[in-house]
Each structure stands twice: as C-alpha cells, then as structure tokens.
$ cat model27.cif   # mmCIF, N, CA, C and O atoms
data_final
#
loop_
_atom_site.label_atom_id
_atom_site.label_comp_id
_atom_site.auth_asym_id
_atom_site.auth_seq_id
_atom_site.Cartn_x
_atom_site.Cartn_y
_atom_site.Cartn_z
N MET A 1 -25.01 13.84 -1.34
CA MET A 1 -23.82 13.06 -1.69
C MET A 1 -24.26 11.92 -2.60
O MET A 1 -25.22 11.22 -2.31
N SER A 2 -23.56 11.71 -3.70
CA SER A 2 -23.91 10.63 -4.62
C SER A 2 -23.59 9.28 -4.00
O SER A 2 -22.81 9.18 -3.05
N SER A 3 -24.18 8.23 -4.55
CA SER A 3 -23.92 6.89 -4.01
C SER A 3 -22.46 6.49 -4.25
O SER A 3 -21.88 5.79 -3.44
N ASN A 4 -21.86 6.97 -5.35
CA ASN A 4 -20.44 6.69 -5.58
C ASN A 4 -19.58 7.32 -4.50
O ASN A 4 -18.64 6.71 -4.00
N THR A 5 -19.90 8.56 -4.14
CA THR A 5 -19.14 9.26 -3.10
C THR A 5 -19.33 8.58 -1.76
O THR A 5 -18.35 8.33 -1.04
N SER A 6 -20.56 8.26 -1.40
CA SER A 6 -20.78 7.63 -0.10
C SER A 6 -20.15 6.24 -0.06
O SER A 6 -19.64 5.83 0.99
N ASN A 7 -20.13 5.53 -1.17
CA ASN A 7 -19.46 4.23 -1.23
C ASN A 7 -17.96 4.41 -1.03
O ASN A 7 -17.33 3.66 -0.28
N PHE A 8 -17.36 5.42 -1.67
CA PHE A 8 -15.93 5.69 -1.50
C PHE A 8 -15.65 6.03 -0.04
O PHE A 8 -14.70 5.53 0.56
N PHE A 9 -16.48 6.88 0.55
CA PHE A 9 -16.30 7.27 1.96
C PHE A 9 -16.34 6.03 2.85
O PHE A 9 -15.53 5.88 3.75
N GLU A 10 -17.28 5.12 2.61
CA GLU A 10 -17.39 3.90 3.42
C GLU A 10 -16.11 3.07 3.31
O GLU A 10 -15.64 2.51 4.29
N ARG A 11 -15.56 2.99 2.11
CA ARG A 11 -14.30 2.24 1.90
C ARG A 11 -13.16 2.92 2.64
O ARG A 11 -12.31 2.24 3.22
N VAL A 12 -13.14 4.24 2.66
CA VAL A 12 -12.13 4.99 3.42
C VAL A 12 -12.26 4.66 4.90
O VAL A 12 -11.27 4.39 5.59
N TYR A 13 -13.49 4.63 5.40
CA TYR A 13 -13.72 4.34 6.81
C TYR A 13 -13.29 2.92 7.17
O TYR A 13 -12.77 2.69 8.26
N GLU A 14 -13.48 1.98 6.24
CA GLU A 14 -13.03 0.61 6.47
C GLU A 14 -11.53 0.57 6.71
O GLU A 14 -11.05 -0.13 7.60
N VAL A 15 -10.79 1.32 5.90
CA VAL A 15 -9.33 1.37 6.07
C VAL A 15 -8.97 2.06 7.38
O VAL A 15 -8.16 1.57 8.17
N ALA A 16 -9.59 3.21 7.64
CA ALA A 16 -9.28 3.97 8.85
C ALA A 16 -9.52 3.15 10.11
O ALA A 16 -8.75 3.25 11.07
N ARG A 17 -10.55 2.33 10.11
CA ARG A 17 -10.85 1.51 11.28
C ARG A 17 -9.75 0.48 11.57
O ARG A 17 -9.66 -0.04 12.67
N GLN A 18 -8.92 0.20 10.57
CA GLN A 18 -7.85 -0.79 10.74
C GLN A 18 -6.54 -0.19 11.24
O GLN A 18 -5.61 -0.92 11.56
N ILE A 19 -6.45 1.14 11.30
CA ILE A 19 -5.20 1.78 11.75
C ILE A 19 -4.98 1.38 13.21
O ILE A 19 -5.82 1.66 14.06
N PRO A 20 -3.86 0.74 13.50
CA PRO A 20 -3.62 0.29 14.88
C PRO A 20 -3.46 1.46 15.86
O PRO A 20 -3.01 2.54 15.49
N PHE A 21 -3.83 1.20 17.11
CA PHE A 21 -3.63 2.15 18.20
C PHE A 21 -2.16 2.55 18.23
O PHE A 21 -1.27 1.70 18.11
N GLY A 22 -1.88 3.84 18.36
CA GLY A 22 -0.50 4.32 18.43
C GLY A 22 0.19 4.44 17.08
O GLY A 22 1.40 4.65 17.02
N ARG A 23 -0.57 4.33 16.00
CA ARG A 23 0.00 4.45 14.65
C ARG A 23 -0.82 5.47 13.88
O ARG A 23 -1.95 5.80 14.25
N VAL A 24 -0.26 5.97 12.79
CA VAL A 24 -0.95 6.92 11.91
C VAL A 24 -0.72 6.52 10.46
O VAL A 24 0.20 5.76 10.15
N THR A 25 -1.56 7.05 9.60
CA THR A 25 -1.35 6.88 8.17
C THR A 25 -1.70 8.20 7.50
O THR A 25 -2.08 9.16 8.16
N SER A 26 -1.56 8.25 6.19
CA SER A 26 -1.81 9.50 5.47
C SER A 26 -3.02 9.37 4.56
O SER A 26 -3.44 8.26 4.21
N TYR A 27 -3.54 10.52 4.16
CA TYR A 27 -4.66 10.54 3.22
C TYR A 27 -4.28 9.81 1.94
O TYR A 27 -5.03 9.01 1.42
N GLY A 28 -3.06 10.09 1.46
CA GLY A 28 -2.60 9.47 0.22
C GLY A 28 -2.41 7.97 0.33
O GLY A 28 -2.68 7.23 -0.62
N ALA A 29 -1.95 7.50 1.49
CA ALA A 29 -1.75 6.06 1.66
C ALA A 29 -3.09 5.33 1.64
O ALA A 29 -3.20 4.23 1.08
N ILE A 30 -4.12 5.94 2.21
CA ILE A 30 -5.45 5.34 2.16
C ILE A 30 -5.96 5.33 0.73
O ILE A 30 -6.47 4.31 0.24
N ALA A 31 -5.80 6.44 0.03
CA ALA A 31 -6.24 6.51 -1.37
C ALA A 31 -5.54 5.44 -2.21
O ALA A 31 -6.18 4.74 -3.00
N LYS A 32 -4.25 5.30 -2.02
CA LYS A 32 -3.47 4.30 -2.77
C LYS A 32 -3.96 2.89 -2.47
O LYS A 32 -4.12 2.06 -3.37
N ALA A 33 -4.24 2.60 -1.20
CA ALA A 33 -4.73 1.27 -0.81
C ALA A 33 -6.07 0.96 -1.46
O ALA A 33 -6.38 -0.20 -1.72
N LEU A 34 -6.84 2.00 -1.72
CA LEU A 34 -8.16 1.81 -2.35
C LEU A 34 -8.07 1.82 -3.87
O LEU A 34 -9.10 1.75 -4.54
N GLY A 35 -6.86 1.91 -4.41
CA GLY A 35 -6.69 1.93 -5.86
C GLY A 35 -7.07 3.25 -6.49
O GLY A 35 -7.38 3.32 -7.67
N ALA A 36 -7.04 4.31 -5.70
CA ALA A 36 -7.41 5.65 -6.17
C ALA A 36 -6.33 6.63 -5.74
O ALA A 36 -6.60 7.61 -5.05
N SER A 37 -5.10 6.36 -6.14
CA SER A 37 -3.94 7.08 -5.61
C SER A 37 -4.00 8.60 -5.80
O SER A 37 -3.33 9.33 -5.08
N ARG A 38 -4.81 9.08 -6.71
CA ARG A 38 -4.90 10.53 -6.91
C ARG A 38 -6.05 11.16 -6.12
O ARG A 38 -6.42 12.31 -6.36
N SER A 39 -6.61 10.42 -5.19
CA SER A 39 -7.80 10.87 -4.47
C SER A 39 -7.54 11.21 -3.00
O SER A 39 -8.45 11.10 -2.18
N ALA A 40 -6.33 11.62 -2.67
CA ALA A 40 -6.01 11.94 -1.27
C ALA A 40 -6.94 13.03 -0.73
O ALA A 40 -7.37 12.96 0.43
N ARG A 41 -7.26 14.01 -1.54
CA ARG A 41 -8.14 15.10 -1.09
C ARG A 41 -9.53 14.56 -0.75
O ARG A 41 -10.15 14.96 0.22
N MET A 42 -10.01 13.61 -1.55
CA MET A 42 -11.33 13.03 -1.29
C MET A 42 -11.30 12.21 0.01
O MET A 42 -12.29 12.18 0.75
N VAL A 43 -10.16 11.58 0.31
CA VAL A 43 -10.01 10.87 1.58
C VAL A 43 -10.13 11.90 2.73
O VAL A 43 -10.77 11.63 3.74
N GLY A 44 -9.53 13.07 2.53
CA GLY A 44 -9.64 14.14 3.52
C GLY A 44 -11.09 14.56 3.73
O GLY A 44 -11.53 14.76 4.86
N TRP A 45 -11.85 14.66 2.64
CA TRP A 45 -13.26 15.02 2.76
C TRP A 45 -14.01 13.94 3.55
O TRP A 45 -14.87 14.24 4.37
N ALA A 46 -13.66 12.67 3.29
CA ALA A 46 -14.29 11.57 4.02
C ALA A 46 -13.98 11.68 5.51
O ALA A 46 -14.86 11.50 6.35
N MET A 47 -12.73 11.98 5.84
CA MET A 47 -12.36 12.12 7.25
C MET A 47 -13.14 13.28 7.89
O MET A 47 -13.62 13.17 9.01
N ASN A 48 -13.29 14.38 7.16
CA ASN A 48 -14.04 15.53 7.68
C ASN A 48 -15.50 15.16 7.94
O ASN A 48 -16.12 15.69 8.86
N ALA A 49 -16.03 14.24 7.14
CA ALA A 49 -17.43 13.85 7.26
C ALA A 49 -17.65 12.74 8.28
O ALA A 49 -18.78 12.32 8.50
N SER A 50 -16.58 12.26 8.90
CA SER A 50 -16.69 11.08 9.78
C SER A 50 -16.92 11.41 11.25
O SER A 50 -16.93 10.50 12.08
N HIS A 51 -17.11 12.67 11.58
CA HIS A 51 -17.13 13.05 12.99
C HIS A 51 -18.30 12.47 13.80
O HIS A 51 -18.21 12.44 15.02
N ASN A 52 -19.34 12.02 13.15
CA ASN A 52 -20.43 11.39 13.89
C ASN A 52 -20.21 9.89 14.04
O ASN A 52 -21.01 9.20 14.67
N LEU A 53 -19.14 9.39 13.45
CA LEU A 53 -18.84 7.95 13.50
C LEU A 53 -17.75 7.70 14.53
O LEU A 53 -16.57 7.89 14.27
N GLU A 54 -18.16 7.27 15.71
CA GLU A 54 -17.20 7.12 16.80
C GLU A 54 -16.20 5.99 16.57
O GLU A 54 -15.15 5.96 17.21
N ASP A 55 -16.51 5.07 15.65
CA ASP A 55 -15.60 3.95 15.41
C ASP A 55 -14.57 4.24 14.31
O ASP A 55 -13.80 3.37 13.93
N VAL A 56 -14.55 5.48 13.80
CA VAL A 56 -13.57 5.88 12.78
C VAL A 56 -12.53 6.78 13.45
O VAL A 56 -12.84 7.91 13.80
N PRO A 57 -11.30 6.30 13.62
CA PRO A 57 -10.26 7.10 14.29
C PRO A 57 -9.63 8.13 13.35
O PRO A 57 -8.47 8.02 12.95
N ALA A 58 -10.41 9.14 12.99
CA ALA A 58 -9.95 10.16 12.04
C ALA A 58 -8.69 10.87 12.53
O ALA A 58 -7.89 11.35 11.72
N HIS A 59 -8.46 10.91 13.84
CA HIS A 59 -7.28 11.59 14.38
C HIS A 59 -5.98 10.88 13.96
O HIS A 59 -4.92 11.48 14.02
N ARG A 60 -6.08 9.65 13.50
CA ARG A 60 -4.89 8.89 13.08
C ARG A 60 -4.54 9.10 11.62
O ARG A 60 -3.61 8.47 11.10
N VAL A 61 -5.25 9.99 10.93
CA VAL A 61 -4.98 10.25 9.51
C VAL A 61 -4.44 11.67 9.38
O VAL A 61 -5.09 12.64 9.77
N VAL A 62 -3.22 11.76 8.84
CA VAL A 62 -2.52 13.04 8.73
C VAL A 62 -2.00 13.21 7.30
O VAL A 62 -2.18 12.32 6.47
N ASN A 63 -1.34 14.31 7.01
CA ASN A 63 -0.82 14.45 5.65
C ASN A 63 0.48 13.67 5.50
O ASN A 63 1.00 13.09 6.45
N ARG A 64 1.02 13.64 4.29
CA ARG A 64 2.17 12.77 3.98
C ARG A 64 3.46 13.16 4.70
O ARG A 64 4.41 12.41 4.73
N LYS A 65 3.46 14.34 5.32
CA LYS A 65 4.63 14.78 6.07
C LYS A 65 4.43 14.65 7.58
O LYS A 65 5.29 15.04 8.35
N GLY A 66 3.27 14.13 7.97
CA GLY A 66 2.99 13.98 9.40
C GLY A 66 2.39 15.21 10.05
O GLY A 66 2.37 15.32 11.27
N LEU A 67 1.90 16.14 9.24
CA LEU A 67 1.27 17.34 9.79
C LEU A 67 -0.20 17.08 10.11
O LEU A 67 -0.88 16.38 9.36
N LEU A 68 -0.67 17.66 11.19
CA LEU A 68 -2.06 17.50 11.60
C LEU A 68 -2.95 18.48 10.83
O LEU A 68 -3.54 19.39 11.38
N THR A 69 -3.05 18.28 9.53
CA THR A 69 -3.79 19.21 8.68
C THR A 69 -5.28 19.17 8.93
O THR A 69 -5.98 20.11 8.61
N GLY A 70 -5.80 18.08 9.52
CA GLY A 70 -7.23 17.98 9.79
C GLY A 70 -7.64 18.48 11.15
O GLY A 70 -8.81 18.39 11.52
N LYS A 71 -6.71 19.03 11.91
CA LYS A 71 -7.00 19.38 13.31
C LYS A 71 -8.11 20.40 13.48
O LYS A 71 -8.77 20.42 14.50
N PHE A 72 -8.35 21.22 12.48
CA PHE A 72 -9.37 22.26 12.59
C PHE A 72 -10.78 21.69 12.53
O PHE A 72 -11.74 22.36 12.82
N HIS A 73 -10.88 20.42 12.14
CA HIS A 73 -12.19 19.78 12.03
C HIS A 73 -12.58 19.03 13.31
O HIS A 73 -13.60 18.37 13.35
N PHE A 74 -11.73 19.12 14.33
CA PHE A 74 -12.01 18.51 15.61
C PHE A 74 -12.48 19.59 16.57
O PHE A 74 -12.03 20.73 16.49
N GLU A 75 -13.37 19.21 17.49
CA GLU A 75 -13.82 20.17 18.49
C GLU A 75 -12.65 20.55 19.39
O GLU A 75 -11.80 19.72 19.69
N GLY A 76 -12.61 21.79 19.81
CA GLY A 76 -11.50 22.24 20.65
C GLY A 76 -10.27 22.50 19.80
O GLY A 76 -10.19 22.05 18.67
N THR A 77 -9.33 23.20 20.33
CA THR A 77 -8.18 23.59 19.53
C THR A 77 -7.14 22.49 19.39
O THR A 77 -6.46 22.41 18.38
N ASN A 78 -6.99 21.62 20.39
CA ASN A 78 -5.93 20.63 20.34
C ASN A 78 -6.42 19.20 20.48
O ASN A 78 -5.65 18.31 20.84
N LEU A 79 -7.69 18.94 20.19
CA LEU A 79 -8.23 17.60 20.40
C LEU A 79 -7.49 16.53 19.59
O LEU A 79 -7.14 15.48 20.13
N MET A 80 -7.21 16.81 18.33
CA MET A 80 -6.51 15.82 17.50
C MET A 80 -5.15 15.48 18.11
O MET A 80 -4.79 14.32 18.25
N GLN A 81 -4.42 16.50 18.51
CA GLN A 81 -3.11 16.30 19.14
C GLN A 81 -3.25 15.52 20.45
O GLN A 81 -2.49 14.60 20.72
N GLN A 82 -4.24 15.88 21.26
CA GLN A 82 -4.45 15.19 22.54
C GLN A 82 -4.77 13.71 22.33
O GLN A 82 -4.27 12.85 23.06
N LEU A 83 -5.59 13.41 21.34
CA LEU A 83 -5.93 12.01 21.05
C LEU A 83 -4.69 11.23 20.63
O LEU A 83 -4.47 10.10 21.07
N LEU A 84 -3.86 11.83 19.78
CA LEU A 84 -2.63 11.16 19.35
C LEU A 84 -1.68 10.98 20.53
O LEU A 84 -1.09 9.90 20.69
N GLU A 85 -1.52 12.01 21.34
CA GLU A 85 -0.61 11.91 22.48
C GLU A 85 -1.10 10.88 23.49
O GLU A 85 -0.29 10.22 24.14
N SER A 86 -2.41 10.69 23.61
CA SER A 86 -2.94 9.67 24.52
C SER A 86 -2.59 8.27 24.03
O SER A 86 -2.67 7.30 24.78
N GLU A 87 -2.19 8.16 22.76
CA GLU A 87 -1.77 6.88 22.18
C GLU A 87 -0.24 6.77 22.12
O GLU A 87 0.29 5.86 21.51
N GLY A 88 0.45 7.73 22.74
CA GLY A 88 1.90 7.68 22.79
C GLY A 88 2.62 8.31 21.62
O GLY A 88 3.82 8.10 21.43
N ILE A 89 1.91 9.09 20.83
CA ILE A 89 2.52 9.76 19.67
C ILE A 89 2.81 11.21 20.05
O ILE A 89 1.90 11.95 20.42
N LYS A 90 4.06 11.59 19.98
CA LYS A 90 4.46 12.95 20.35
C LYS A 90 4.24 13.89 19.17
O LYS A 90 4.58 13.57 18.03
N VAL A 91 3.66 15.06 19.46
CA VAL A 91 3.37 16.07 18.44
C VAL A 91 3.99 17.38 18.88
O VAL A 91 3.78 17.83 20.00
N VAL A 92 4.79 18.00 17.99
CA VAL A 92 5.38 19.30 18.25
C VAL A 92 5.07 20.21 17.06
O VAL A 92 5.33 19.84 15.91
N ASP A 93 4.49 21.37 17.33
CA ASP A 93 4.12 22.33 16.29
C ASP A 93 3.27 21.68 15.19
O ASP A 93 3.55 21.83 13.99
N ASN A 94 2.26 20.91 15.61
CA ASN A 94 1.34 20.24 14.69
C ASN A 94 2.00 19.19 13.80
O ASN A 94 1.46 18.80 12.77
N GLN A 95 3.18 18.74 14.18
CA GLN A 95 3.93 17.76 13.39
C GLN A 95 4.22 16.54 14.27
O GLN A 95 4.67 16.69 15.41
N ILE A 96 3.97 15.35 13.72
CA ILE A 96 4.26 14.13 14.46
C ILE A 96 5.77 13.92 14.52
O ILE A 96 6.45 13.95 13.49
N VAL A 97 6.28 13.72 15.72
CA VAL A 97 7.71 13.45 15.93
C VAL A 97 7.95 11.98 15.56
O VAL A 97 7.15 11.11 15.92
N ASP A 98 9.05 11.69 14.87
CA ASP A 98 9.35 10.32 14.42
C ASP A 98 8.20 9.75 13.59
O ASP A 98 7.75 8.63 13.80
N PHE A 99 7.73 10.53 12.63
CA PHE A 99 6.59 10.15 11.80
C PHE A 99 6.78 8.77 11.17
O PHE A 99 5.87 7.94 11.20
N GLU A 100 7.96 8.48 10.63
CA GLU A 100 8.21 7.20 9.97
C GLU A 100 8.01 6.02 10.93
O GLU A 100 7.53 4.97 10.55
N LYS A 101 8.38 6.22 12.19
CA LYS A 101 8.26 5.17 13.20
C LYS A 101 6.79 4.84 13.49
O LYS A 101 6.44 3.69 13.77
N HIS A 102 5.94 5.84 13.42
CA HIS A 102 4.52 5.66 13.74
C HIS A 102 3.66 5.38 12.51
O HIS A 102 2.48 5.05 12.65
N PHE A 103 4.25 5.50 11.32
CA PHE A 103 3.47 5.38 10.09
C PHE A 103 3.03 3.94 9.85
O PHE A 103 3.80 3.00 9.99
N TRP A 104 1.76 3.78 9.48
CA TRP A 104 1.18 2.47 9.15
C TRP A 104 0.73 2.51 7.69
O TRP A 104 0.01 3.41 7.29
N GLU A 105 1.23 1.57 6.91
CA GLU A 105 0.91 1.51 5.48
C GLU A 105 -0.26 0.55 5.28
O GLU A 105 -0.13 -0.65 5.51
N PRO A 106 -1.42 1.06 4.88
CA PRO A 106 -2.55 0.16 4.65
C PRO A 106 -2.26 -0.74 3.45
O PRO A 106 -1.65 -0.31 2.48
N SER A 107 -2.71 -1.96 3.54
CA SER A 107 -2.49 -2.92 2.47
C SER A 107 -3.82 -3.26 1.83
O SER A 107 -4.82 -3.48 2.52
N VAL A 108 -3.83 -3.30 0.51
CA VAL A 108 -5.05 -3.63 -0.22
C VAL A 108 -5.53 -5.02 0.18
O VAL A 108 -6.73 -5.26 0.31
N SER A 109 -4.61 -5.93 0.46
CA SER A 109 -4.99 -7.30 0.80
C SER A 109 -5.73 -7.37 2.14
O SER A 109 -6.45 -8.34 2.40
N GLU A 110 -5.57 -6.36 2.98
CA GLU A 110 -6.25 -6.34 4.27
C GLU A 110 -7.69 -5.85 4.16
O GLU A 110 -8.44 -5.92 5.12
N LEU A 111 -8.05 -5.33 3.00
CA LEU A 111 -9.40 -4.75 2.83
C LEU A 111 -10.41 -5.83 2.48
O LEU A 111 -10.19 -6.75 1.81
#
$ encode --input "model27.cif" --output "structure tokens"
Amino acid sequence: MSSNTSNFFERVYEVARQIPFGRVTSYGAIAKALGASRSARMVGWAMNASHNLEDVPAHRVVNRKGLLTGKFHFEGTNLMQQLLESEGIKVVDNQIVDFEKHFWEPSVSEL
C-alpha cells in the first residue's frame, strides 16, 4: 500500500472513530468530509482493511441507501447486523430501518 493510500485510510479511520454509538454514516459521506467526494469506493476499501483495528467501528458505515453492503467482510453471517442491533438500530433484509433517523453526517470541522 502506498503512503498516500495508507494516509487516506488513516483519515477515514479518524472519521469512523467519531461516529456516535447508535448512529451510522455512509462511505460517500466520509469521502465528502475528507474533501474526496468521488472516493466512496476507496472509503469502502479502508473499511475492509480495518478489521484488525478494534477502535474503528466499521459496522457503522453503510452505503448511501442504508444497505449493509460491507457485511460479507465481517466474521459470521450476521455480525454486522448484530453489532448494529446491539446499538438499537433495526435492520430488515440487510437494510437499516429509519435510515435517515440514524444517519450521522461527518463534518470537516470535526476532523
């Protein structure tokens, strides 16, 4: 991994660590907060690479429609859903119920 990529991943993790308990955000919202609005896919790659980092709540990052698109990167079949439900977020058919209510918009000023 290049130093630019690892630096971007670290910045993604900084944002992810700020997602409040019981809230979620999207790959695109993180990319936008980092000033790289067209890099949602790279944010996804960062989340996939974060599994050894226990302080990065990757389960709180979903796609822009509230779908658990990253769930296959978690151990077990429903771990991502179970983690979200343990925070009070209801998930039906891999989709967050009341997504707008649980959505957290990262702010560049918070970084």
$ resolve_selection --input "model27.cif" --expression "the PyMOL selection byres ((chain A and resi 61) around 8)" --output "list in words"
Ala16, Arg23, Val24, Thr25, Ser26, Tyr27, Gly44, Met47, Pro57, Ala58, His59, Arg60, Val62, Asn63, Arg64, Gly66, Leu67, Leu68, Thr69, Gly70 and Lys71 of chain A
$ select_by_dssp --input "model27.cif" --residues "chain A" --states "helix (DSSP H, G or I)" --output "PyMOL selection string"
chain A and resi 3-16+27-33+40-48+58-60+71-73+79-85+99-102+108-110
$ select_by_dssp --input "model27.cif" --residues "region 28-106 of chain A" --states "strand (DSSP E or B)" --output "ChimeraX atom specification"
/A:61-62,67,91-92,95-96,103
$ atom_distance --input "model27.cif" --atom1 "CA of Glu100 (chain A)" --atom2 "CA of Lys65 (chain A)"
9.2 Å
$ closest_residue --input "model27.cif" --among "A:Asp55, A:Glu87, A:Asp98, A:Glu75" --to "Arg17 (chain A)" --atoms "only N, CA, C and O atoms"
A:Asp55
$ residues_near_point --input "model27.cif" --point "(3.4, 0.3, 8.3)" --cutoff "12 Å" --atoms "only C-alpha atoms" --output "list of chain:residue names"
A:Gln18, A:Ile19, A:Pro20, A:Gly22, A:Arg23, A:Val24, A:Thr25, A:Ser26, A:Ala29, A:Ile30, A:Phe99, A:Glu100, A:Lys101, A:His102, A:Phe103, A:Trp104, A:Glu105, A:Pro106, A:Ser107
$ write_last_selection --input "model27.cif" --atoms "N, CA, C and O atoms" --output "PDB file, keeping the file's coordinate frame"
ATOM      1  N   GLN A  18      -8.920   0.200  10.570  1.00  0.00           N
ATOM      2  CA  GLN A  18      -7.850  -0.790  10.740  1.00  0.00           C
ATOM      3  C   GLN A  18      -6.540  -0.190  11.240  1.00  0.00           C
ATOM      4  O   GLN A  18      -5.610  -0.920  11.560  1.00  0.00           O
ATOM      5  N   ILE A  19      -6.450   1.140  11.300  1.00  0.00           N
ATOM      6  CA  ILE A  19      -5.200   1.780  11.750  1.00  0.00           C
ATOM      7  C   ILE A  19      -4.980   1.380  13.210  1.00  0.00           C
ATOM      8  O   ILE A  19      -5.820   1.660  14.060  1.00  0.00           O
ATOM      9  N   PRO A  20      -3.860   0.740  13.500  1.00  0.00           N
ATOM     10  CA  PRO A  20      -3.620   0.290  14.880  1.00  0.00           C
ATOM     11  C   PRO A  20      -3.460   1.460  15.860  1.00  0.00           C
ATOM     12  O   PRO A  20      -3.010   2.540  15.490  1.00  0.00           O
ATOM     13  N   GLY A  22      -1.880   3.840  18.360  1.00  0.00           N
ATOM     14  CA  GLY A  22      -0.500   4.320  18.430  1.00  0.00           C
ATOM     15  C   GLY A  22       0.190   4.440  17.080  1.00  0.00           C
ATOM     16  O   GLY A  22       1.400   4.650  17.020  1.00  0.00           O
ATOM     17  N   ARG A  23      -0.570   4.330  16.000  1.00  0.00           N
ATOM     18  CA  ARG A  23       0.000   4.450  14.650  1.00  0.00           C
ATOM     19  C   ARG A  23      -0.820   5.470  13.880  1.00  0.00           C
ATOM     20  O   ARG A  23      -1.950   5.800  14.250  1.00  0.00           O
ATOM     21  N   VAL A  24      -0.260   5.970  12.790  1.00  0.00           N
ATOM     22  CA  VAL A  24      -0.950   6.920  11.910  1.00  0.00           C
ATOM     23  C   VAL A  24      -0.720   6.520  10.460  1.00  0.00           C
ATOM     24  O   VAL A  24       0.200   5.760  10.150  1.00  0.00           O
ATOM     25  N   THR A  25      -1.560   7.050   9.600  1.00  0.00           N
ATOM     26  CA  THR A  25      -1.350   6.880   8.170  1.00  0.00           C
ATOM     27  C   THR A  25      -1.700   8.200   7.500  1.00  0.00           C
ATOM     28  O   THR A  25      -2.080   9.160   8.160  1.00  0.00           O
ATOM     29  N   SER A  26      -1.560   8.250   6.190  1.00  0.00           N
ATOM     30  CA  SER A  26      -1.810   9.500   5.470  1.00  0.00           C
ATOM     31  C   SER A  26      -3.020   9.370   4.560  1.00  0.00           C
ATOM     32  O   SER A  26      -3.440   8.260   4.210  1.00  0.00           O
ATOM     33  N   ALA A  29      -1.950   7.500   1.490  1.00  0.00           N
ATOM     34  CA  ALA A  29      -1.750   6.060   1.660  1.00  0.00           C
ATOM     35  C   ALA A  29      -3.090   5.330   1.640  1.00  0.00           C
ATOM     36  O   ALA A  29      -3.200   4.230   1.080  1.00  0.00           O
ATOM     37  N   ILE A  30      -4.120   5.940   2.210  1.00  0.00           N
ATOM     38  CA  ILE A  30      -5.450   5.340   2.160  1.00  0.00           C
ATOM     39  C   ILE A  30      -5.960   5.330   0.730  1.00  0.00           C
ATOM     40  O   ILE A  30      -6.470   4.310   0.240  1.00  0.00           O
ATOM     41  N   PHE A  99       7.730  10.530  12.630  1.00  0.00           N
ATOM     42  CA  PHE A  99       6.590  10.150  11.800  1.00  0.00           C
ATOM     43  C   PHE A  99       6.780   8.770  11.170  1.00  0.00           C
ATOM     44  O   PHE A  99       5.870   7.940  11.200  1.00  0.00           O
ATOM     45  N   GLU A 100       7.960   8.480  10.630  1.00  0.00           N
ATOM     46  CA  GLU A 100       8.210   7.200   9.970  1.00  0.00           C
ATOM     47  C   GLU A 100       8.010   6.020  10.930  1.00  0.00           C
ATOM     48  O   GLU A 100       7.530   4.970  10.550  1.00  0.00           O
ATOM     49  N   LYS A 101       8.380   6.220  12.190  1.00  0.00           N
ATOM     50  CA  LYS A 101       8.260   5.170  13.200  1.00  0.00           C
ATOM     51  C   LYS A 101       6.790   4.840  13.490  1.00  0.00           C
ATOM     52  O   LYS A 101       6.440   3.690  13.770  1.00  0.00           O
ATOM     53  N   HIS A 102       5.940   5.840  13.420  1.00  0.00           N
ATOM     54  CA  HIS A 102       4.520   5.660  13.740  1.00  0.00           C
ATOM     55  C   HIS A 102       3.660   5.380  12.510  1.00  0.00           C
ATOM     56  O   HIS A 102       2.480   5.050  12.650  1.00  0.00           O
ATOM     57  N   PHE A 103       4.250   5.500  11.320  1.00  0.00           N
ATOM     58  CA  PHE A 103       3.470   5.380  10.090  1.00  0.00           C
ATOM     59  C   PHE A 103       3.030   3.940   9.850  1.00  0.00           C
ATOM     60  O   PHE A 103       3.800   3.000   9.990  1.00  0.00           O
ATOM     61  N   TRP A 104       1.760   3.780   9.480  1.00  0.00           N
ATOM     62  CA  TRP A 104       1.180   2.470   9.150  1.00  0.00           C
ATOM     63  C   TRP A 104       0.730   2.510   7.690  1.00  0.00           C
ATOM     64  O   TRP A 104       0.010   3.410   7.290  1.00  0.00           O
ATOM     65  N   GLU A 105       1.230   1.570   6.910  1.00  0.00           N
ATOM     66  CA  GLU A 105       0.910   1.510   5.480  1.00  0.00           C
ATOM     67  C   GLU A 105      -0.260   0.550   5.280  1.00  0.00           C
ATOM     68  O   GLU A 105      -0.130  -0.650   5.510  1.00  0.00           O
ATOM     69  N   PRO A 106      -1.420   1.060   4.880  1.00  0.00           N
ATOM     70  CA  PRO A 106      -2.550   0.160   4.650  1.00  0.00           C
ATOM     71  C   PRO A 106      -2.260  -0.740   3.450  1.00  0.00           C
ATOM     72  O   PRO A 106      -1.650  -0.310   2.480  1.00  0.00           O
ATOM     73  N   SER A 107      -2.710  -1.960   3.540  1.00  0.00           N
ATOM     74  CA  SER A 107      -2.490  -2.920   2.470  1.00  0.00           C
ATOM     75  C   SER A 107      -3.820  -3.260   1.830  1.00  0.00           C
ATOM     76  O   SER A 107      -4.820  -3.480   2.520  1.00  0.00           O
TER      77      SER A 107
END
$ resolve_selection --input "model27.cif" --expression "the PyMOL selection byres (((chain A and resi 35 and name CA) around 12) and name CA)" --output "number ranges by chain"
A: 8, 11-12, 28-34, 36-40, 106-109, 111
$ atom_distance --input "model27.cif" --atom1 "atom N of Ser2 (chain A)" --atom2 "atom C of Arg41 (chain A)"
14.6 Å
$ atom_distance --input "model27.cif" --atom1 "atom C of Asn4 (chain A)" --atom2 "CA of Phe74 (chain A)"
24.2 Å
$ resolve_selection --input "model27.cif" --expression "the PyMOL selection byres (((chain A and resi 81 and name CA) around 8) and name CA)" --output "ChimeraX atom specification"
/A:59,68,71,78-80,82-85,91,94
$ closest_residue --input "model27.cif" --among "A:Val56, A:Trp45, A:Phe21, A:Glu10" --to "Ile89 (chain A)" --atoms "only C-alpha atoms"
A:Phe21
